[in-house]
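Below you'll find the structure, written out as structure tokens, and then a few comments.
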2 protein chains.
Amino acid sequence: MFEPTIKDIAKLCGVGVSTVSRAINNHPDINPETKEKILQTIEEYGYVPNNSARNLKRADAKAIAVLVKGMSNLFFANMIEIIEGECKKKHYSMELSYLEADEDEVDMAQKLIKEKRLRGIIFLGGIFSHSEEKLKKLSVPFVFSTVGAIPENISKSLYSNICVDDRRESKRMVDYLIGLGHRKIAILVAEAEEEHSIGRLRLEGYYDALRDSDIEINPRLVCHTSQKMIPFSMNSGYMTAKKLLAGGEEFTALYAVADTLAIGAARALYEAGRIVPRDVSVSGYDGIELANYVTPSLTTIRQPIERMARDTARLLFDIISGKRQHQHIVYEAELLERESTRAIV
Amino acid sequence: MFEPTIKDIAKLCGVGVSTVSRAINNHPDINPETKEKILQTIEEYGYVPNNSARNLKRADAKAIAVLVKGMSNLFFANMIEIIEGECKKKHYSMELSYLEADEDEVDMAQKLIKEKRLRGIIFLGGIFSHSEEKLKKLSVPFVFSTVGAIPENISKSLYSNICVDDRRESKRMVDYLIGLGHRKIAILVAEAEEEHSIGRLRLEGYYDALRDSDIEINPRLVCHTSQKMIPFSMNSGYMTAKKLLAGGEEFTALYAVADTLAIGAARALYEAGRIVPRDVSVSGYDGIELANYVTPSLTTIRQPIERMARDTARLLFDIISGKRQHQHIVYEAELLERESTRAIV
DNA sequence: AACGTTTCCGAAAACGTTACCAAATTTATT
DNA sequence: AATAAATTTGGTAACGTTTTCGGAAACGTT
């Protein structure tokens with residue numbers, strides 16, 4: 001199988017390699033006729049420029065990486081697809097990497113950057129609890145999205161972050177439940193032990209709401225998912241809810257910090273003979289498509305994922321091209337009131 | 001920010017570049033002491049070999065691509081993650097690309113292969129209806145998985161395929177429904193108009209089952225999803241079921257050719273006041289995790305996705321390394337009988 | 001002490017591209 | 001017609017690796 005190189009094309013057309021290069025890269029200094037002829041030969045012989053050689057020459061490979069950590073993938077699959085679409089538009093290629101729990105995100109990023117000469121990194125999920133020093137070492141822009149809190153002592157000019165205010169939105173959900181008359185509100189939370197995690201923030205929001213309404217916090221209603229499980233999986237929600245039920249503590253509402261957890265929990269409730277929302281109101285967080293199709297449909301906090309994903313990608317490109325500086329954008333989420341919650345009678 | 005190259009490391013250690021290269025690549029012809037020293041300097045200065053330069057030199061970039069087409073991502077996200085894990089083990093990098101409906105998969109593969117010097121391609125989903133000629137042009141191995149039928153006239157030695165027998169498994173599901181006493185069985189099907197599509201195969205299985213049991217086929221119970229929608233999305237299942245209900249045709253069972261469709265349909269049924277499974281039995285296909293957590297839990301055909309994904313990746317690597325030839329593996333699926341179906345009384 | 005082996009190492013030639021610079025050609029200006 | 005200016009072109013040096021090949025150094029062997 002013959003794979004032509006730029007030299008072959010040049011020879012075939014009776015021109016120099018630089019001319020072919022000009023034709024490929026839309027350089028202005030070229031006779032339209034020669035260009036036409038070259039392009040035709042390229043088409044004919046199925047020549048495609050070798051990316052490695054290109055990247056080697058021009059120091060700027062048009063490539064970014066998306067690093068995803070933790071959580072079940074339901075929520076991210078959507079975001080990744082959108083980001084990929086944006087990359088395509090800009091003719092960037094995208095490297096996707098799912099990180100294991102024990103892999104260090106910054107080290108991984110560092111390695112990828114050097115190895116592949118990446119121009120930027122998008123970071124989805126996980127928990128960022130590194131030092132400023134470490135972040136400073138990264139030579140390309142970093143954009144976080146849906147990562148939880150970034151430690152306060154890290155200078156904001158070192159990274160971008162696109163998120164919703166998890167703590168506030170979480171409080172909003174709990175306020176809503178309280179507004180419905182609920183007082184015994186259980187919470188299902190993942191990764192809350194870890195500082196700066198999304199789980200922690202959402203739990204804080206829960207505490208905020210209870211405190212605001214002078215409801216005493218009952219630790220037996222704060223249920224942590226087991227660390228042995230996939231953090232935000234349905235199964236994890238299911239098992240944790242089972243444990244809560246087994247504990248015998250009374251509650252009239254159950255708020256899970258992710259839709260997937262809520263769906264798992266709803267299942268456990270059903271198996272225990274508790275009807276949602278008659279016996280217990282259930283609510284989630286995230287606003288994944290699925291939440292609208294389960295029965296009863298799930299009351300949830302909808303994050304504007306499409307917009308967030310799109311803006312994350314665009315922001316990164318703008319920073320790469322120097323059009324914008326690092327930004328910290330907080331989106332407004334939306335409480336979707338659906339069938340799984342109801343007022344206490 | 002100083003990014004050391006192999007030359008810098010060589011100079012730093014007072015050796016030649018080739019010696020550094022030998023140290024990095026575990027070549028035997030090197031003094032353990034010098035190697036040790038070099039490795040140490042590399043560590044110290046954070047040197048990471050440039051991938052483009054490597055790939056340029058050795059004709060074999062350690063990289064493959066996964067091309068995903070059509071369907072909603074719920075089903076594939078899982079597979080992709082597993083494939084990525086296998087790649088990591090083999091120190092391959094993985095290029096992921098979601099193809100738009102109008103993008104030609106083979107052309108895209110061709111382009112990627114040349115551009116990135118990929119060693120192999122995995123193809124997930126979509127419909128393969130190309131000619132043998134086109135497939136022949138590809139210079140690297142191709143492994144399909146969950147792609148529907150590959151046209152018969154294409155020589156089997158040109159590609160690998162890992163799948164379940166969609167037609168047979170689909171028939172199994174319908175046989176099961178018939179066994180429960182159902183006679184008026186509606187089917188929700190996507191992409192069935194396209195030859196060789198997964199939807200078509202599953203529809204054929206439905207026909208097979210009815211024919212076997214001498215049940216007359218009622219075209220009004222064969223519901224095609226609208227082409228304007230995302231092929232296997234929940235929403236598409238929801239809308240199509242709505243239309244079926246509006247049509248007024250009687251049915252006691254509804255079989256959707258994907259779990260996501262079934263879940264959407266179940267929602268439509270619920271909204272129409274039809275209780276599942278009391279009024280109508282619902283079943284799906286695929287066996288995604290979710291199917292077990294919705295209420296009522298969904299009877300479905302479970303494809304062994306984990307195994308399929310893993311084997312797809314491994315097979316590709318084996319073919320690349322010449323350990324195995326192209327294979328055509330058909331896995332056994334499993335009918336999971338759950339709450340959404342029941343015998344007619 | 002002289003020789004053949006073995007072990008280790010460095011110089012230099014690729015790999016396929018882009019970009020700079022100078023040369024060749026065409027066009028415009030006087 | 002002669003010159004200046006503008007437009008196209010080709011040669012070639014990088015980019016950072018790996019690999020081949022020959023040579024130097026160290027080791028045995030007689």
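Each chain in the structure tokens gets a letter, A, B, ..., in the order shown, and its residues are numbered from 1; ligands are numbered from 1 in order too.
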Checklist entry - Once you count only C-alpha atoms (C1' of nucleotides), which residues of chain D turn out to be within 10 Å of chain B? Could you give them as a ChimeraX atom specification? => result /D:15-19
Checklist entry - Any idea which chain B residues end up within 7 Å of chain C if we count only C-alpha atoms (C1' of nucleotides), as a list of chain:residue names please? => result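 Listing them in order of chain and number gives B:Gly16, B:Thr19, B:Asp29, B:Ile30, B:Asn31, B:Leu56, B:Lys57.
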Item to check | Check: which chain B residues lie within 8 Å of chain A using only C-alpha atoms, as a ChimeraX atom specification | outcome: /B:1,48-53,55-56,73-74,77-78,81,84,94-98,111,114-117,139,234,263-264,267,270,290,293-295
With N, CA and C atoms retained, write the just-selected residues as a compact mmCIF listing (two decimals), in the first residue's frame.
# COMPACT_ATOMS: atom_id res chain seq x y z
N MET B 1 9.33 29.11 30.38
CA MET B 1 9.31 27.69 30.83
C MET B 1 10.19 26.82 29.95
N VAL B 48 10.04 14.73 29.20
CA VAL B 48 9.11 13.75 28.63
C VAL B 48 9.32 13.75 27.12
N PRO B 49 9.58 12.58 26.55
CA PRO B 49 9.87 12.54 25.11
C PRO B 49 8.70 13.09 24.29
N ASN B 50 9.04 13.79 23.26
CA ASN B 50 8.01 14.35 22.39
C ASN B 50 7.42 13.26 21.49
N ASN B 51 6.11 13.15 21.60
CA ASN B 51 5.42 12.08 20.92
C ASN B 51 5.44 12.22 19.41
N SER B 52 5.33 13.43 18.94
CA SER B 52 5.29 13.64 17.49
C SER B 52 6.60 13.18 16.86
N ALA B 53 7.68 13.55 17.49
CA ALA B 53 8.98 13.18 16.96
C ALA B 53 9.14 11.66 16.96
N ASN B 55 6.73 9.40 16.90
CA ASN B 55 5.83 8.80 15.92
C ASN B 55 6.34 9.02 14.51
N LEU B 56 6.99 10.13 14.34
CA LEU B 56 7.51 10.42 13.02
C LEU B 56 8.60 9.42 12.67
N ASN B 73 -25.79 8.10 23.63
CA ASN B 73 -24.52 7.66 24.16
C ASN B 73 -24.57 6.75 25.37
N LEU B 74 -25.72 6.62 25.95
CA LEU B 74 -25.85 5.85 27.18
C LEU B 74 -25.18 4.49 27.07
N ALA B 77 -21.02 4.85 26.25
CA ALA B 77 -20.13 5.47 27.21
C ALA B 77 -19.37 4.40 27.98
N ASN B 78 -20.09 3.42 28.39
CA ASN B 78 -19.52 2.30 29.12
C ASN B 78 -18.46 1.57 28.33
N GLU B 81 -15.24 3.57 27.85
CA GLU B 81 -14.41 3.64 29.04
C GLU B 81 -13.58 2.37 29.20
N GLU B 84 -10.85 2.29 26.62
CA GLU B 84 -9.77 3.20 27.01
C GLU B 84 -8.85 2.55 28.04
N MET B 94 -5.63 6.59 22.56
CA MET B 94 -6.90 6.35 21.89
C MET B 94 -7.49 7.67 21.43
N GLU B 95 -7.82 7.68 20.20
CA GLU B 95 -8.48 8.86 19.63
C GLU B 95 -9.96 8.54 19.57
N LEU B 96 -10.78 9.43 20.12
CA LEU B 96 -12.22 9.16 20.11
C LEU B 96 -12.91 10.16 19.19
N SER B 97 -13.79 9.66 18.35
CA SER B 97 -14.50 10.57 17.49
C SER B 97 -15.96 10.17 17.36
N TYR B 98 -16.82 11.11 17.70
CA TYR B 98 -18.24 10.87 17.49
C TYR B 98 -18.58 11.37 16.09
N LYS B 111 -8.78 9.04 6.75
CA LYS B 111 -8.11 10.30 7.03
C LYS B 111 -7.31 10.19 8.34
N LYS B 114 -4.06 8.06 8.12
CA LYS B 114 -2.91 8.69 7.49
C LYS B 114 -2.39 9.85 8.33
N GLU B 115 -3.32 10.61 8.80
CA GLU B 115 -2.95 11.79 9.54
C GLU B 115 -2.16 11.43 10.79
N LYS B 116 -2.65 10.43 11.48
CA LYS B 116 -2.07 10.11 12.78
C LYS B 116 -1.31 8.80 12.78
N ARG B 117 -1.25 8.20 11.62
CA ARG B 117 -0.57 6.91 11.54
C ARG B 117 -1.12 5.92 12.54
N SER B 139 -5.66 0.51 5.37
CA SER B 139 -4.39 -0.18 5.53
C SER B 139 -4.19 -0.73 6.94
N MET B 234 -34.25 8.53 24.57
CA MET B 234 -35.46 8.34 25.37
C MET B 234 -36.60 9.17 24.80
N ILE B 263 -37.71 3.03 27.94
CA ILE B 263 -37.93 3.90 29.09
C ILE B 263 -38.74 5.13 28.69
N GLY B 264 -38.43 5.68 27.53
CA GLY B 264 -39.22 6.78 27.02
C GLY B 264 -40.66 6.36 26.78
N ARG B 267 -42.73 5.96 29.89
CA ARG B 267 -43.18 7.26 30.38
C ARG B 267 -44.45 7.71 29.66
N TYR B 270 -47.34 5.74 30.94
CA TYR B 270 -47.72 6.23 32.27
C TYR B 270 -48.58 7.48 32.15
N LEU B 290 -29.15 1.16 33.88
CA LEU B 290 -30.37 1.88 34.19
C LEU B 290 -31.63 1.01 34.20
N TYR B 293 -32.89 -0.08 37.38
CA TYR B 293 -33.22 0.88 38.44
C TYR B 293 -34.50 1.65 38.23
N VAL B 294 -35.02 1.59 37.02
CA VAL B 294 -36.31 2.24 36.81
C VAL B 294 -37.40 1.39 37.45
N THR B 295 -38.52 2.02 37.67
CA THR B 295 -39.63 1.29 38.26
C THR B 295 -40.84 1.39 37.35
Item to check | Per-residue DSSP, segment 65-303 of chain A, filtered to helix (DSSP H, G or I), as a PyMOL selection string | outcome: chain A and resi 74-89+105-116+132-137+156-158+166-179+198-212+219-221+234-247+259-271+289-292
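Every residue of segment 108-198 of chain B found in strand (DSSP E) when DSSP is run on the backbone appears here: B:Gly120, B:Ile121, B:Ile122, B:Phe123, B:Leu124, B:Gly125, B:Phe142, B:Val143, B:Phe144, B:Ser145, B:Ser160, B:Asn161, B:Ile162, B:Cys163, B:Val164, B:Ile185, B:Ala186, B:Ile187, B:Leu188, B:Val189.
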Quick one: write out the picked residues with C-alpha atoms as a compact mmCIF listing (two decimals), in the first residue's frame?
# COMPACT_ATOMS: atom_id res chain seq x y z
CA GLY B 120 -6.15 0.23 14.08
CA ILE B 121 -9.74 1.33 14.21
CA ILE B 122 -12.64 0.33 16.38
CA PHE B 123 -16.04 1.07 15.09
CA LEU B 124 -19.01 1.33 17.41
CA GLY B 125 -22.59 1.62 16.32
CA PHE B 142 -10.79 -2.66 11.55
CA VAL B 143 -12.87 -4.13 14.34
CA PHE B 144 -16.59 -3.57 14.43
CA SER B 145 -18.75 -3.95 17.43
CA SER B 160 -13.43 -8.35 12.55
CA ASN B 161 -16.83 -8.16 14.11
CA ILE B 162 -17.87 -8.66 17.67
CA CYS B 163 -21.55 -8.74 18.29
CA VAL B 164 -24.56 -10.63 19.46
CA ILE B 185 -47.34 -6.90 20.45
CA ALA B 186 -46.28 -3.46 19.36
CA ILE B 187 -42.69 -2.79 18.40
CA LEU B 188 -40.77 0.46 18.62
CA VAL B 189 -37.98 0.49 16.17
Item to check | Near-segment 304-310 of chain B list (7 Å; only C-alpha atoms (C1' of nucleotides); drop same-chain fewer than 2 positions) as a VMD selection string | outcome: chain B and resid 79 82 to 83 86 162 302 312 to 314 333
For the residues in the current selection, export C-alpha atoms as a JSON list (two decimals), in the first residue's frame.
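Contents of again27.json, freshly written:
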[["chain", "number", "residue", "atom", "x", "y", "z"],
["B", 79, "MET", "CA", -17.86, 0.51, 26.25],
["B", 82, "ILE", "CA", -13.50, -0.01, 29.03],
["B", 83, "ILE", "CA", -11.71, 0.26, 25.71],
["B", 86, "GLU", "CA", -7.36, -1.58, 27.67],
["B", 162, "ILE", "CA", -17.87, -8.66, 17.67],
["B", 302, "ARG", "CA", -28.67, -8.05, 28.13],
["B", 312, "THR", "CA", -12.97, -5.77, 20.94],
["B", 313, "ALA", "CA", -9.95, -3.90, 22.17],
["B", 314, "ARG", "CA", -7.90, -6.98, 22.82],
["B", 333, "ALA", "CA", -27.08, -12.46, 25.13]]
Checklist entry - What does the distance between atom CA of Ala258 of chain B and atom CA of Leu210 of chain B come to in Å, to one decimal place? => result 19.1 Å
Checklist entry - Looking at B:Leu269, B:Arg167, B:Leu245, B:Ile178, which one is nearest to Asp208 of chain B, with distances taken over only C-alpha atoms? => result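 When distances to Asp208 of chain B are compared using only C-alpha atoms, the smallest one comes from B:Arg167.
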Checklist entry - So which residues touch Ser340 of chain B within 6 Å, counting only C-alpha atoms (C1' of nucleotides), skipping near sequence neighbours fewer than 5 positions away, as a list in words? => result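 Residues meeting the cut-off are Val276, Pro277, Ser281, Val282, Pro296, Ser297, Leu298 and Thr299 of chain B.
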